[in-house]
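The next block is structure_12.txt, given as compact mmCIF, C-alpha atoms and all ligand atoms.
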```txt
# COMPACT_ATOMS: atom_id res chain seq x y z
CA MET A 1 -86.34 99.02 76.38
CA ARG A 2 -83.81 97.48 74.00
CA ARG A 3 -81.85 100.71 74.02
CA ALA A 4 -81.83 100.79 77.80
CA ALA A 5 -80.46 97.24 77.89
CA ARG A 6 -77.77 98.17 75.39
CA ASP A 7 -76.81 101.24 77.39
CA HIS A 8 -76.62 99.12 80.49
CA GLU A 9 -74.35 96.65 78.76
CA HIS A 10 -72.13 99.46 77.58
CA GLU A 11 -71.95 100.82 81.09
CA ARG A 12 -71.04 97.37 82.42
CA THR A 13 -68.24 96.97 79.90
CA GLU A 14 -66.72 100.26 81.00
CA VAL A 15 -66.90 99.27 84.64
CA VAL A 16 -65.67 95.69 84.27
CA LEU A 17 -62.52 96.32 82.26
CA PRO A 18 -60.70 98.53 84.79
CA ASN A 19 -61.68 96.05 87.53
CA LYS A 20 -60.23 93.18 85.54
CA ARG A 21 -56.98 95.12 85.23
CA ALA A 22 -56.93 95.85 88.98
CA ASN A 23 -57.44 92.14 89.75
CA VAL A 24 -54.23 90.98 88.09
CA LYS A 25 -52.52 88.89 90.76
CA ASN A 26 -49.02 88.82 89.36
CA GLU A 27 -48.45 92.36 88.17
CA LYS A 28 -44.80 91.79 87.17
CA GLN A 29 -45.64 88.76 85.07
CA TYR A 30 -48.63 90.56 83.51
CA GLU A 31 -46.40 93.46 82.39
CA ALA A 32 -43.69 91.11 81.10
CA LEU A 33 -46.19 89.15 79.02
CA LYS A 34 -47.69 92.34 77.58
CA GLU A 35 -44.21 93.54 76.64
CA LYS A 36 -43.76 90.31 74.70
CA GLY A 37 -46.79 91.33 72.63
CA MET A 38 -49.43 89.23 74.37
CA SER A 39 -52.98 90.64 74.51
CA LYS A 40 -54.11 92.15 77.82
CA GLU A 41 -56.77 89.46 78.26
CA ARG A 42 -54.37 86.57 77.73
CA ALA A 43 -51.67 88.14 79.89
CA ALA A 44 -54.20 88.67 82.69
CA ARG A 45 -55.49 85.10 82.38
CA ILE A 46 -51.99 83.62 82.61
CA SER A 47 -50.96 85.94 85.45
CA ASN A 48 -54.06 85.02 87.42
CA SER A 49 -54.00 81.29 86.90
CA SER A 50 -52.56 79.30 89.77
CA GLY A 51 -49.54 77.18 89.04
CA SER A 52 -48.88 78.52 85.58
CA SER A 53 -46.26 81.00 86.71
CA SER A 54 -43.51 78.38 86.90
CA ARG A 55 -44.30 77.37 83.33
CA VAL A 56 -44.01 80.90 81.99
CA GLN A 57 -40.94 81.80 84.03
CA MET A 58 -39.07 78.67 83.07
CA GLY A 59 -39.67 79.23 79.38
CA LEU A 60 -39.64 76.75 76.55
CA HIS A 61 -36.22 76.80 74.92
CA SER A 62 -35.86 73.22 73.77
CA LEU A 63 -37.78 70.00 73.16
CA ASP A 64 -36.55 68.84 76.56
CA ASP A 65 -38.29 71.83 78.16
CA VAL A 66 -41.50 70.88 76.34
CA LEU A 67 -41.23 67.28 77.48
CA GLN A 68 -40.60 68.32 81.08
CA GLU A 69 -43.66 70.58 81.00
CA GLN A 70 -45.73 67.68 79.69
CA VAL A 71 -44.46 65.48 82.53
CA LYS A 72 -45.35 68.06 85.19
CA ASP A 73 -48.76 68.66 83.70
CA LEU A 74 -49.47 64.93 83.51
CA GLU A 75 -48.30 64.43 87.08
CA SER A 76 -50.77 67.06 88.25
CA ALA A 77 -53.53 65.52 86.12
CA GLU A 78 -52.91 62.01 87.47
CA LYS A 79 -52.79 63.18 91.10
CA GLN A 80 -56.09 64.98 90.66
CA LEU A 81 -57.56 61.74 89.31
CA VAL A 82 -56.27 59.70 92.24
CA ALA A 83 -58.16 62.12 94.49
CA ALA A 84 -61.34 62.15 92.38
CA LEU A 85 -61.83 58.52 91.31
CA PRO A 86 -62.93 57.04 94.68
CA LYS A 87 -65.99 59.33 94.64
CA VAL A 88 -66.74 58.32 91.06
CA ALA A 89 -66.49 54.60 91.90
CA GLU A 90 -68.80 55.12 94.86
CA ALA A 91 -71.36 56.90 92.68
CA ALA A 92 -71.34 54.26 89.91
CA HIS A 93 -74.40 52.05 89.92
CA SER A 94 -73.31 49.15 87.72
CA PRO A 95 -70.98 46.73 89.57
CA GLU A 96 -69.00 46.30 86.34
CA LEU A 97 -68.47 50.06 86.04
CA LYS A 98 -67.59 50.37 89.73
CA GLU A 99 -64.97 47.64 89.37
CA ALA A 100 -63.53 49.19 86.21
CA ILE A 101 -63.15 52.57 87.95
CA ASN A 102 -61.54 51.02 91.02
CA GLU A 103 -59.10 49.08 88.84
CA HIS A 104 -58.24 52.24 86.97
CA LEU A 105 -57.69 54.03 90.28
CA GLU A 106 -55.00 51.48 91.09
CA GLU A 107 -53.50 51.90 87.63
CA THR A 108 -53.59 55.67 88.05
CA ARG A 109 -51.50 55.41 91.23
CA GLY A 110 -49.01 53.48 89.10
CA HIS A 111 -49.10 56.25 86.48
CA VAL A 112 -48.04 58.77 89.12
CA GLN A 113 -45.14 56.49 90.08
CA ARG A 114 -44.05 56.13 86.46
CA LEU A 115 -44.05 59.91 86.07
CA GLU A 116 -41.87 60.20 89.17
CA GLU A 117 -39.52 57.69 87.57
CA VAL A 118 -39.50 59.75 84.39
CA ARG A 119 -38.62 62.84 86.43
CA GLY A 120 -35.56 60.98 87.69
CA LEU A 121 -34.62 59.73 84.23
CA LEU A 122 -34.83 63.24 82.79
CA GLY A 123 -33.00 64.80 85.75
CA MET A 124 -35.88 67.14 86.45
CA ASP A 125 -36.14 69.47 89.44
CA ARG A 126 -39.05 69.25 91.90
CA SER A 127 -41.07 72.17 90.47
CA VAL A 128 -44.73 71.47 89.86
CA THR A 129 -47.52 72.87 87.76
CA THR A 130 -51.30 72.60 87.84
CA CYS A 131 -53.16 70.86 85.04
CA GLN A 132 -56.07 73.23 84.66
CA ALA A 133 -57.66 71.13 81.95
CA MET A 134 -58.00 68.23 84.40
CA GLN A 135 -59.37 70.60 87.04
CA GLY A 136 -62.14 71.47 84.58
CA LEU A 137 -62.81 67.87 83.56
CA VAL A 138 -62.98 66.75 87.20
CA ALA A 139 -65.22 69.70 88.13
CA GLU A 140 -67.66 68.78 85.36
CA GLY A 141 -67.63 65.16 86.52
CA GLU A 142 -68.30 66.19 90.11
CA GLU A 143 -71.25 68.30 88.99
CA LEU A 144 -72.94 65.33 87.40
CA LEU A 145 -72.24 63.12 90.41
CA ALA A 146 -74.26 65.59 92.47
CA ASP A 147 -77.22 65.37 90.06
CA GLU A 148 -80.30 63.41 91.03
CA GLY A 149 -81.53 60.92 88.46
CA ASP A 150 -81.95 57.48 86.98
CA PRO A 151 -79.01 55.23 88.01
CA VAL A 152 -78.44 53.99 84.46
CA ALA A 153 -78.54 57.53 83.07
CA LYS A 154 -76.02 58.55 85.73
CA ASP A 155 -73.75 55.62 84.84
CA ALA A 156 -73.91 56.68 81.20
CA ALA A 157 -72.97 60.23 82.24
CA ILE A 158 -70.08 58.89 84.36
CA ILE A 159 -68.79 56.94 81.34
CA ALA A 160 -69.08 60.06 79.18
CA ALA A 161 -67.05 62.11 81.68
CA ALA A 162 -64.50 59.30 82.19
CA GLN A 163 -63.96 58.89 78.46
CA ARG A 164 -63.32 62.62 78.05
CA ILE A 165 -60.64 62.24 80.72
CA GLU A 166 -59.16 59.13 79.11
CA HIS A 167 -58.97 60.76 75.70
CA TYR A 168 -57.28 63.81 77.21
CA GLU A 169 -54.68 61.57 78.83
CA ILE A 170 -54.23 59.47 75.70
CA ALA A 171 -53.46 62.64 73.73
CA ALA A 172 -50.99 63.85 76.38
CA TYR A 173 -49.18 60.51 76.77
CA GLY A 174 -49.01 60.10 72.99
CA THR A 175 -47.25 63.46 72.73
CA ALA A 176 -44.95 62.71 75.66
CA ARG A 177 -44.00 59.35 74.18
CA THR A 178 -43.23 60.89 70.80
CA LEU A 179 -41.14 63.66 72.36
CA ALA A 180 -39.21 61.17 74.49
CA GLY A 181 -38.55 59.06 71.38
CA GLU A 182 -37.35 62.07 69.38
CA LEU A 183 -35.00 62.99 72.22
CA ASP A 184 -33.70 59.41 72.55
CA HIS A 185 -34.95 59.06 76.11
CA ARG A 186 -35.72 55.40 75.50
CA ASP A 187 -36.52 54.44 79.10
CA ALA A 188 -38.95 57.35 79.48
CA GLU A 189 -40.50 56.49 76.11
CA LYS A 190 -41.12 52.94 77.33
CA LEU A 191 -42.75 54.16 80.55
CA PHE A 192 -45.04 56.53 78.63
CA SER A 193 -45.93 53.65 76.32
CA GLU A 194 -46.93 51.41 79.21
CA THR A 195 -49.22 54.07 80.66
CA LEU A 196 -50.63 54.90 77.24
CA ASP A 197 -51.58 51.23 76.77
CA GLU A 198 -53.39 51.22 80.12
CA GLU A 199 -55.25 54.45 79.34
CA SER A 200 -56.33 53.04 75.97
CA ALA A 201 -57.44 49.77 77.56
CA ALA A 202 -59.47 51.71 80.17
CA ASP A 203 -61.13 53.70 77.42
CA LYS A 204 -62.01 50.54 75.48
CA LEU A 205 -63.36 48.88 78.61
CA LEU A 206 -65.68 51.86 79.20
CA THR A 207 -67.00 51.52 75.64
CA LYS A 208 -67.49 47.80 76.22
CA ILE A 209 -69.44 48.40 79.42
CA ALA A 210 -71.58 51.05 77.73
CA THR A 211 -72.37 48.93 74.69
CA GLY A 212 -72.65 45.65 76.56
CA GLY A 213 -76.24 46.30 77.56
CA LEU A 214 -75.91 49.10 80.13
CA PHE A 215 -77.73 51.69 78.02
CA LYS A 216 -80.57 49.27 77.28
CA SER A 217 -80.98 48.08 80.84
CA GLY A 218 -83.65 50.54 81.87
CA VAL A 219 -82.86 54.11 80.99
CA ASN A 220 -84.92 54.11 77.77
CA LYS A 221 -87.90 52.55 79.45
CA ALA A 222 -87.70 55.03 82.30
CA ALA A 223 -87.52 57.93 79.87
CA LYS A 224 -90.66 56.77 78.06
CA ALA A 225 -92.67 56.17 81.23
FE FE B 1 -53.59 57.80 83.95
```
Written as structure tokens, how would this file's structure read?
Ligand SMILES: [Fe+2]
Amino acid sequence: MRRAARDHEHERTEVVLPNKRANVKNEKQYEALKEKGMSKERAARISNSSGSSSRVQMGLHSLDDVLQEQVKDLESAEKQLVAALPKVAEAAHSPELKEAINEHLEETRGHVQRLEEVRGLLGMDRSVTTCQAMQGLVAEGEELLADEGDPVAKDAAIIAAAQRIEHYEIAAYGTARTLAGELDHRDAEKLFSETLDEESAADKLLTKIATGGLFKSGVNKAAKA
């Protein structure tokens, strides 16, 4: 039995690998990445991921290139949040949490505007990229919104997902601010700083809501019942 399962696995491995190779969307990019010494798996992943082609083709030749990539990635992340947050606010049970999410939605629209300003300050072109990390974070959040359950437990899960997102953004804006500072882009540095402060405040507010009685307002009792 065990042997049969192992044989089956072996057979599957042999079948899957050629298929994976045949499914490479951007053949030219895949070959170029392999020539640079990248593993087949990584080259295939990059070639198949939407939006990443501009990143690879442009290349990273200077700190300015790195900063511009960060800006594009953040712009994609923030736009995905603008689209996702209304559903999150609607799903929140606690009025305090709902209000905090709606306020952050407004702030997030401002974050997109600041990034557009930064694009101008840095003289960037209009090319875009897709923040795949945010796609994953939003997808996980949407999964839990679809779950049935205790309203307080769901609010706690919303806060957990929102704080993962905030911490991701805090890390990204911290890096962008530092890079802008190192490159003497003072105006861009200031704009990153303003957004970073708002992201940090949003994160702290979520902790305050969670520890201000929300977790003790029913979920424990319901779990014991
Ligand atoms: Fe933001």
**Study point:** Distance criterion (all atoms listed in the file): nearest to Val118 in chain A out of A:His185, A:Lys154, A:Leu137, A:Glu142
**Key:**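 Looking at the shortest contact to Val118 in chain A, the residue is A:His185.
Excluding Asn102 in chain A and any residue on its chain fewer than 3 positions from it, the residues at most 8 Å away by all atoms listed in the file are Leu85, Pro86, Ala89, Lys98, Glu99, Leu105 and Glu106 of chain A.
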C-alpha atoms of the current selection, written as a PDB file, keeping the file's coordinate frame:
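The resulting again_13.pdb:
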```pdb
ATOM      1  CA  LEU A  85     -61.830  58.520  91.310  1.00  0.00           C
ATOM      2  CA  PRO A  86     -62.930  57.040  94.680  1.00  0.00           C
ATOM      3  CA  ALA A  89     -66.490  54.600  91.900  1.00  0.00           C
ATOM      4  CA  LYS A  98     -67.590  50.370  89.730  1.00  0.00           C
ATOM      5  CA  GLU A  99     -64.970  47.640  89.370  1.00  0.00           C
ATOM      6  CA  LEU A 105     -57.690  54.030  90.280  1.00  0.00           C
ATOM      7  CA  GLU A 106     -55.000  51.480  91.090  1.00  0.00           C
TER       8      GLU A 106
END
```
Check your understanding: Counting all atoms listed in the file, what residues are within 6 Å of ligand FE 1 (chain B), given as a ChimeraX atom specification?
Key -> /A:78,108,111,199
9 Å contact set for Thr178 in chain A, all atoms listed in the file, chain neighbours under 5 positions out, as a CSV table (one decimal) with C-alpha atoms, keeping the file's coordinate frame:
```csv
chain,number,residue,atom,x,y,z
A,173,TYR,CA,-49.2,60.5,76.8
A,183,LEU,CA,-35.0,63.0,72.2
A,189,GLU,CA,-40.5,56.5,76.1
```
Practice item. Considering all atoms listed in the file, return as a PyMOL selection string whatever protein or nucleic-acid residues lie within 12 Å of Arg164 in chain A, sequence-local ones (same chain, fewer than 6 positions apart) excluded. Key: chain A and resi 133-134+136-138+140-141+157-158+170-171+199+202-203+206-207
